[in-house]
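Data block below; observations after.
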Amino acid sequence: MSEIKHAKIEDIPASHKCEHEGYEYFRRKFIPFGAAGNTLVSVYEIPPGKSAYPYHFHYKNEETFCILSGEGILKTPEGERKVGPGELLFFPAGPEGAHKITNSSETEMLTYIDFDVVHDIDVVVYPDSDKIGIWGKGINKIYPQNADVDYYDGE
């Protein structure tokens, strides 16, 4: 992307995703993956009692959330705490940046902007379920971490 981009949040189409109990979100992609060099920007709307993603961390990508409205519970390696409007949250790459945010309201959406610094390839770890994900360059896969094979297996 080589031009300046601008939009009102409400004018960006929202896609709905719900794949598993406890997880649901609406996502408005302002800067989708591949549209800029190393930037991804989306607005997330999380329904009451739901999370967008499981507890995870990235080995390459960094994330920053800006909470616009609603309240949530943020889980990090330091424990859990409440978050709300006006808060900025930065998650560095690596285990110290592990995070999960859950809408703690019974009636109100939790809305936040997610600013990501992305790379061509990223590895994501899900500590609670012991999975590992590989994203980018045409691959989008998740594996159990105990699925190790010998380097020459099958060669």
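Chain lettering (A, B, ...) mirrors the order of the structure tokens, residue numbering begins at 1 for each chain separately, and ligand numbering begins at 1 in order of display.
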Give me the residues near A:Cys18 as a PyMOL selection string, where near means some atom within 12 Å (using only C-alpha atoms) and where sequence neighbours in that chain fewer than 3 positions away do not count. chain A and resi 15+21-27+46-47+50-53
Dump of all heavy atoms for the selected residues, as a short mmCIF file (atom, residue, chain, number, x, y, z; two decimals), in the first residue's frame:
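Output below, filename out12.cif:
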data_model
loop_
_atom_site.label_atom_id
_atom_site.label_comp_id
_atom_site.auth_asym_id
_atom_site.auth_seq_id
_atom_site.Cartn_x
_atom_site.Cartn_y
_atom_site.Cartn_z
N SER A 15 -16.92 -8.76 9.42
CA SER A 15 -17.11 -10.19 9.17
C SER A 15 -17.31 -10.86 10.53
O SER A 15 -16.69 -10.48 11.52
CB SER A 15 -15.92 -10.78 8.44
OG SER A 15 -14.74 -10.64 9.20
N GLU A 21 -17.30 -22.91 21.00
CA GLU A 21 -17.99 -22.38 22.17
C GLU A 21 -17.05 -21.50 22.98
O GLU A 21 -15.91 -21.86 23.25
CB GLU A 21 -18.48 -23.53 23.04
CG GLU A 21 -19.34 -23.06 24.19
CD GLU A 21 -19.91 -24.22 25.00
OE1 GLU A 21 -20.15 -25.29 24.42
OE2 GLU A 21 -20.08 -24.02 26.21
N GLY A 22 -17.53 -20.33 23.35
CA GLY A 22 -16.73 -19.39 24.13
C GLY A 22 -15.97 -18.38 23.28
O GLY A 22 -15.38 -17.45 23.81
N TYR A 23 -15.97 -18.58 21.96
CA TYR A 23 -15.22 -17.71 21.07
C TYR A 23 -16.15 -17.18 19.97
O TYR A 23 -16.82 -17.94 19.29
CB TYR A 23 -14.05 -18.45 20.43
CG TYR A 23 -13.04 -18.88 21.46
CD1 TYR A 23 -13.13 -20.13 22.04
CD2 TYR A 23 -12.04 -18.01 21.87
CE1 TYR A 23 -12.22 -20.52 23.02
CE2 TYR A 23 -11.14 -18.39 22.85
CZ TYR A 23 -11.24 -19.65 23.41
OH TYR A 23 -10.35 -20.02 24.37
N GLU A 24 -16.15 -15.86 19.84
CA GLU A 24 -16.95 -15.23 18.79
C GLU A 24 -16.48 -13.80 18.65
O GLU A 24 -16.13 -13.15 19.62
CB GLU A 24 -18.44 -15.25 19.16
CG GLU A 24 -19.33 -14.63 18.11
CD GLU A 24 -20.80 -14.70 18.49
OE1 GLU A 24 -21.13 -15.08 19.63
OE2 GLU A 24 -21.62 -14.33 17.65
N TYR A 25 -16.47 -13.30 17.41
CA TYR A 25 -16.11 -11.90 17.20
C TYR A 25 -16.59 -11.41 15.85
O TYR A 25 -16.90 -12.17 14.96
CB TYR A 25 -14.61 -11.67 17.34
CG TYR A 25 -13.74 -12.38 16.33
CD1 TYR A 25 -13.45 -11.81 15.10
CD2 TYR A 25 -13.18 -13.62 16.63
CE1 TYR A 25 -12.64 -12.45 14.18
CE2 TYR A 25 -12.36 -14.27 15.72
CZ TYR A 25 -12.10 -13.67 14.51
OH TYR A 25 -11.29 -14.32 13.60
N PHE A 26 -16.67 -10.09 15.78
CA PHE A 26 -16.90 -9.38 14.53
C PHE A 26 -15.61 -8.60 14.27
O PHE A 26 -15.09 -7.94 15.18
CB PHE A 26 -18.08 -8.42 14.64
CG PHE A 26 -19.38 -9.13 14.91
CD1 PHE A 26 -19.76 -9.44 16.21
CD2 PHE A 26 -20.21 -9.51 13.86
CE1 PHE A 26 -20.95 -10.10 16.46
CE2 PHE A 26 -21.40 -10.18 14.10
CZ PHE A 26 -21.78 -10.47 15.41
N ARG A 27 -15.09 -8.69 13.06
CA ARG A 27 -13.81 -8.05 12.74
C ARG A 27 -13.98 -7.13 11.55
O ARG A 27 -14.51 -7.53 10.51
CB ARG A 27 -12.77 -9.12 12.43
CG ARG A 27 -11.40 -8.58 12.13
CD ARG A 27 -10.44 -9.72 11.90
NE ARG A 27 -9.09 -9.24 11.67
CZ ARG A 27 -8.08 -10.02 11.41
NH1 ARG A 27 -8.24 -11.33 11.36
NH2 ARG A 27 -6.90 -9.51 11.21
N ILE A 46 -16.40 -7.89 20.40
CA ILE A 46 -16.53 -9.19 21.07
C ILE A 46 -17.85 -9.20 21.85
O ILE A 46 -18.06 -8.35 22.72
CB ILE A 46 -15.36 -9.43 22.05
CG1 ILE A 46 -14.01 -9.09 21.41
CG2 ILE A 46 -15.40 -10.85 22.60
CD1 ILE A 46 -13.65 -9.88 20.20
N PRO A 47 -18.73 -10.16 21.57
CA PRO A 47 -19.99 -10.24 22.30
C PRO A 47 -19.79 -10.59 23.78
O PRO A 47 -18.74 -11.12 24.16
CB PRO A 47 -20.75 -11.38 21.59
CG PRO A 47 -20.14 -11.46 20.24
CD PRO A 47 -18.69 -11.12 20.45
N LYS A 50 -17.67 -13.68 25.61
CA LYS A 50 -16.86 -14.35 24.58
C LYS A 50 -15.46 -13.78 24.50
O LYS A 50 -15.17 -12.69 24.98
CB LYS A 50 -17.53 -14.22 23.21
CG LYS A 50 -18.96 -14.68 23.14
CD LYS A 50 -19.06 -16.16 23.19
CE LYS A 50 -20.52 -16.58 23.01
NZ LYS A 50 -20.70 -18.00 22.96
N SER A 51 -14.57 -14.53 23.83
CA SER A 51 -13.21 -14.11 23.50
C SER A 51 -13.05 -14.25 22.00
O SER A 51 -13.73 -15.06 21.36
CB SER A 51 -12.18 -15.00 24.19
OG SER A 51 -12.32 -14.97 25.58
N ALA A 52 -12.11 -13.49 21.43
CA ALA A 52 -11.82 -13.65 20.01
C ALA A 52 -10.88 -14.82 19.79
O ALA A 52 -11.08 -15.62 18.87
CB ALA A 52 -11.22 -12.37 19.44
N TYR A 53 -9.86 -14.94 20.63
CA TYR A 53 -8.82 -15.95 20.44
C TYR A 53 -8.43 -16.57 21.78
O TYR A 53 -8.54 -15.93 22.82
CB TYR A 53 -7.57 -15.32 19.82
CG TYR A 53 -7.84 -14.68 18.49
CD1 TYR A 53 -7.92 -13.30 18.35
CD2 TYR A 53 -8.02 -15.46 17.35
CE1 TYR A 53 -8.17 -12.71 17.12
CE2 TYR A 53 -8.28 -14.88 16.11
CZ TYR A 53 -8.34 -13.51 16.01
OH TYR A 53 -8.61 -12.94 14.80
#
Would you mind writing down, as a compact mmCIF listing (two decimals) with N, CA, C and O atoms, in the first residue's frame, each residue of stretch 3-89 of chain A that DSSP on the backbone assigns to strand (DSSP E or B)?
# COMPACT_ATOMS: atom_id res chain seq x y z
N ALA A 14 -18.04 -5.56 8.55
CA ALA A 14 -17.67 -6.48 9.63
C ALA A 14 -17.92 -7.91 9.20
O ALA A 14 -18.98 -8.23 8.67
N SER A 15 -16.92 -8.76 9.42
CA SER A 15 -17.11 -10.19 9.17
C SER A 15 -17.31 -10.86 10.53
O SER A 15 -16.69 -10.48 11.52
N HIS A 16 -18.19 -11.84 10.55
CA HIS A 16 -18.52 -12.54 11.80
C HIS A 16 -17.80 -13.88 11.83
O HIS A 16 -17.74 -14.57 10.83
N LYS A 17 -17.23 -14.21 12.98
CA LYS A 17 -16.55 -15.48 13.11
C LYS A 17 -16.94 -16.13 14.43
O LYS A 17 -16.88 -15.50 15.48
N CYS A 18 -17.36 -17.37 14.35
CA CYS A 18 -17.72 -18.14 15.54
C CYS A 18 -17.44 -19.60 15.22
O CYS A 18 -18.19 -20.23 14.48
N GLU A 19 -16.35 -20.12 15.74
CA GLU A 19 -15.97 -21.49 15.41
C GLU A 19 -16.06 -22.44 16.60
O GLU A 19 -16.06 -23.63 16.42
N HIS A 20 -16.08 -21.91 17.79
CA HIS A 20 -16.01 -22.78 18.96
C HIS A 20 -16.73 -22.11 20.13
O HIS A 20 -16.73 -20.89 20.25
N TYR A 23 -15.97 -18.58 21.96
CA TYR A 23 -15.22 -17.71 21.07
C TYR A 23 -16.15 -17.18 19.97
O TYR A 23 -16.82 -17.94 19.29
N GLU A 24 -16.15 -15.86 19.84
CA GLU A 24 -16.95 -15.23 18.79
C GLU A 24 -16.48 -13.80 18.65
O GLU A 24 -16.13 -13.15 19.62
N TYR A 25 -16.47 -13.30 17.41
CA TYR A 25 -16.11 -11.90 17.20
C TYR A 25 -16.59 -11.41 15.85
O TYR A 25 -16.90 -12.17 14.96
N PHE A 26 -16.67 -10.09 15.78
CA PHE A 26 -16.90 -9.38 14.53
C PHE A 26 -15.61 -8.60 14.27
O PHE A 26 -15.09 -7.94 15.18
N ARG A 27 -15.09 -8.69 13.06
CA ARG A 27 -13.81 -8.05 12.74
C ARG A 27 -13.98 -7.13 11.55
O ARG A 27 -14.51 -7.53 10.51
N ARG A 28 -13.49 -5.90 11.70
CA ARG A 28 -13.47 -4.91 10.63
C ARG A 28 -12.01 -4.71 10.24
O ARG A 28 -11.24 -4.14 11.01
N LYS A 29 -11.63 -5.18 9.07
CA LYS A 29 -10.24 -5.11 8.62
C LYS A 29 -9.98 -3.77 7.94
O LYS A 29 -10.40 -3.55 6.81
N PHE A 30 -9.27 -2.89 8.64
CA PHE A 30 -8.90 -1.60 8.07
C PHE A 30 -7.66 -1.76 7.19
O PHE A 30 -7.64 -1.34 6.04
N ILE A 31 -6.61 -2.38 7.71
CA ILE A 31 -5.41 -2.71 6.94
C ILE A 31 -5.27 -4.23 7.02
O ILE A 31 -4.74 -4.76 8.00
N THR A 39 2.18 -4.03 8.64
CA THR A 39 1.13 -3.52 9.51
C THR A 39 -0.19 -4.21 9.22
O THR A 39 -0.54 -4.43 8.06
N LEU A 40 -0.91 -4.53 10.29
CA LEU A 40 -2.25 -5.09 10.20
C LEU A 40 -3.08 -4.33 11.23
O LEU A 40 -2.67 -4.20 12.39
N VAL A 41 -4.23 -3.78 10.82
CA VAL A 41 -5.08 -3.02 11.74
C VAL A 41 -6.53 -3.49 11.56
O VAL A 41 -7.05 -3.47 10.45
N SER A 42 -7.13 -3.90 12.66
CA SER A 42 -8.52 -4.36 12.65
C SER A 42 -9.24 -3.81 13.87
O SER A 42 -8.62 -3.55 14.90
N VAL A 43 -10.55 -3.69 13.74
CA VAL A 43 -11.40 -3.35 14.87
C VAL A 43 -12.18 -4.61 15.23
O VAL A 43 -12.81 -5.22 14.36
N TYR A 44 -12.09 -5.03 16.49
CA TYR A 44 -12.78 -6.22 16.97
C TYR A 44 -13.95 -5.82 17.85
O TYR A 44 -13.83 -4.91 18.68
N GLU A 45 -15.06 -6.52 17.68
CA GLU A 45 -16.23 -6.38 18.53
C GLU A 45 -16.51 -7.77 19.09
O GLU A 45 -16.81 -8.69 18.33
N ILE A 46 -16.40 -7.89 20.40
CA ILE A 46 -16.53 -9.19 21.07
C ILE A 46 -17.85 -9.20 21.85
O ILE A 46 -18.06 -8.35 22.72
N SER A 51 -14.57 -14.53 23.83
CA SER A 51 -13.21 -14.11 23.50
C SER A 51 -13.05 -14.25 22.00
O SER A 51 -13.73 -15.06 21.36
N HIS A 56 -2.54 -16.88 23.94
CA HIS A 56 -1.46 -17.17 22.98
C HIS A 56 -0.39 -16.10 23.03
O HIS A 56 -0.57 -15.03 23.60
N PHE A 57 0.75 -16.43 22.38
CA PHE A 57 1.78 -15.43 22.13
C PHE A 57 2.41 -15.70 20.78
O PHE A 57 2.35 -16.81 20.25
N HIS A 58 3.01 -14.66 20.21
CA HIS A 58 3.68 -14.73 18.91
C HIS A 58 5.18 -14.67 19.12
O HIS A 58 5.67 -13.97 20.01
N GLU A 62 4.12 -8.38 17.04
CA GLU A 62 3.74 -7.63 18.23
C GLU A 62 2.34 -7.08 18.04
O GLU A 62 1.93 -6.82 16.90
N GLU A 63 1.61 -6.92 19.14
CA GLU A 63 0.24 -6.41 19.06
C GLU A 63 0.03 -5.29 20.06
O GLU A 63 0.57 -5.33 21.16
N THR A 64 -0.80 -4.32 19.69
CA THR A 64 -1.23 -3.26 20.58
C THR A 64 -2.74 -3.13 20.45
O THR A 64 -3.26 -3.03 19.33
N PHE A 65 -3.44 -3.16 21.58
CA PHE A 65 -4.89 -2.98 21.60
C PHE A 65 -5.20 -1.61 22.18
O PHE A 65 -4.57 -1.18 23.15
N CYS A 66 -6.21 -0.96 21.62
CA CYS A 66 -6.78 0.25 22.20
C CYS A 66 -8.25 -0.04 22.46
O CYS A 66 -9.03 -0.23 21.51
N ILE A 67 -8.63 -0.10 23.74
CA ILE A 67 -10.01 -0.42 24.10
C ILE A 67 -10.87 0.81 23.85
O ILE A 67 -10.63 1.88 24.43
N LEU A 68 -11.88 0.66 22.99
CA LEU A 68 -12.77 1.77 22.67
C LEU A 68 -14.00 1.80 23.57
O LEU A 68 -14.42 2.86 24.01
N SER A 69 -14.59 0.62 23.81
CA SER A 69 -15.79 0.57 24.65
C SER A 69 -15.94 -0.83 25.23
O SER A 69 -15.40 -1.80 24.71
N GLY A 72 -13.46 -5.83 29.82
CA GLY A 72 -12.99 -7.19 29.62
C GLY A 72 -12.07 -7.64 30.73
O GLY A 72 -11.67 -6.86 31.59
N ILE A 73 -11.75 -8.92 30.66
CA ILE A 73 -10.74 -9.51 31.55
C ILE A 73 -9.56 -9.87 30.66
O ILE A 73 -9.70 -10.62 29.69
N LEU A 74 -8.40 -9.33 30.99
CA LEU A 74 -7.17 -9.59 30.26
C LEU A 74 -6.36 -10.62 31.03
O LEU A 74 -6.05 -10.42 32.20
N LYS A 75 -6.03 -11.72 30.37
CA LYS A 75 -5.15 -12.74 30.94
C LYS A 75 -3.77 -12.58 30.33
O LYS A 75 -3.63 -12.50 29.11
N THR A 76 -2.74 -12.50 31.20
CA THR A 76 -1.35 -12.40 30.77
C THR A 76 -0.52 -13.32 31.69
O THR A 76 -1.07 -13.87 32.65
N GLY A 79 -1.15 -12.77 35.35
CA GLY A 79 -2.45 -13.07 35.93
C GLY A 79 -3.56 -12.40 35.14
O GLY A 79 -3.40 -12.09 33.96
N GLU A 80 -4.69 -12.18 35.80
CA GLU A 80 -5.85 -11.56 35.15
C GLU A 80 -6.15 -10.21 35.78
O GLU A 80 -5.93 -10.02 36.98
N ARG A 81 -6.67 -9.30 34.95
CA ARG A 81 -7.10 -7.99 35.43
C ARG A 81 -8.16 -7.43 34.51
O ARG A 81 -8.27 -7.83 33.35
N LYS A 82 -8.94 -6.48 35.04
CA LYS A 82 -9.97 -5.82 34.24
C LYS A 82 -9.34 -4.79 33.31
O LYS A 82 -8.32 -4.17 33.65
N VAL A 83 -9.96 -4.62 32.14
CA VAL A 83 -9.57 -3.58 31.20
C VAL A 83 -10.83 -2.87 30.73
O VAL A 83 -11.91 -3.45 30.74
N LEU A 88 -4.62 1.36 26.62
CA LEU A 88 -3.73 0.85 25.58
C LEU A 88 -2.99 -0.34 26.17
O LEU A 88 -2.46 -0.27 27.29
N LEU A 89 -2.94 -1.43 25.43
CA LEU A 89 -2.30 -2.66 25.88
C LEU A 89 -1.29 -3.10 24.82
O LEU A 89 -1.66 -3.27 23.66
Contacts of A:Lys131 within 6 Å, only C-alpha atoms, excl. fewer than 4 positions in-chain, as a count of residues only: 4
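Distances here use only C-alpha atoms; by that measure, the residue among A:Gly84, A:Tyr152, A:Glu96, A:Glu3 closest to A:Met109 is A:Gly84.
Closest approach to A:Ile9 from the set A:Thr111, A:Ile134, A:Asp153, A:Ile139 is made by A:Thr111, with distances taken over only C-alpha atoms.
Distances from A:Pro13, A:Pro54, A:Gly136, A:Gly37 to A:Val117 were compared using only C-alpha atoms, and the smallest one belongs to A:Gly37.
Here the question is which of A:Gly70, A:Ile142, A:Phe90, A:Asp120 gets nearest to A:Ala36 using only C-alpha atoms, and that residue is A:Asp120.
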Spatial neighbours of A:Asn61, 8 Å, only C-alpha atoms, chain gap at least 3 places, as JSON, numbers by chain: {"A": [58, 92, 93, 116, 117, 118, 119, 122]}
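The space separating atom CA of A:Asn140 from atom CA of A:Gly97 comes to 21.0 Å.
The smallest atom-to-atom distance between A:Thr107 and any of A:Gly133, A:Gly49, A:Pro95, A:Pro77, using only C-alpha atoms, is found for A:Gly49.
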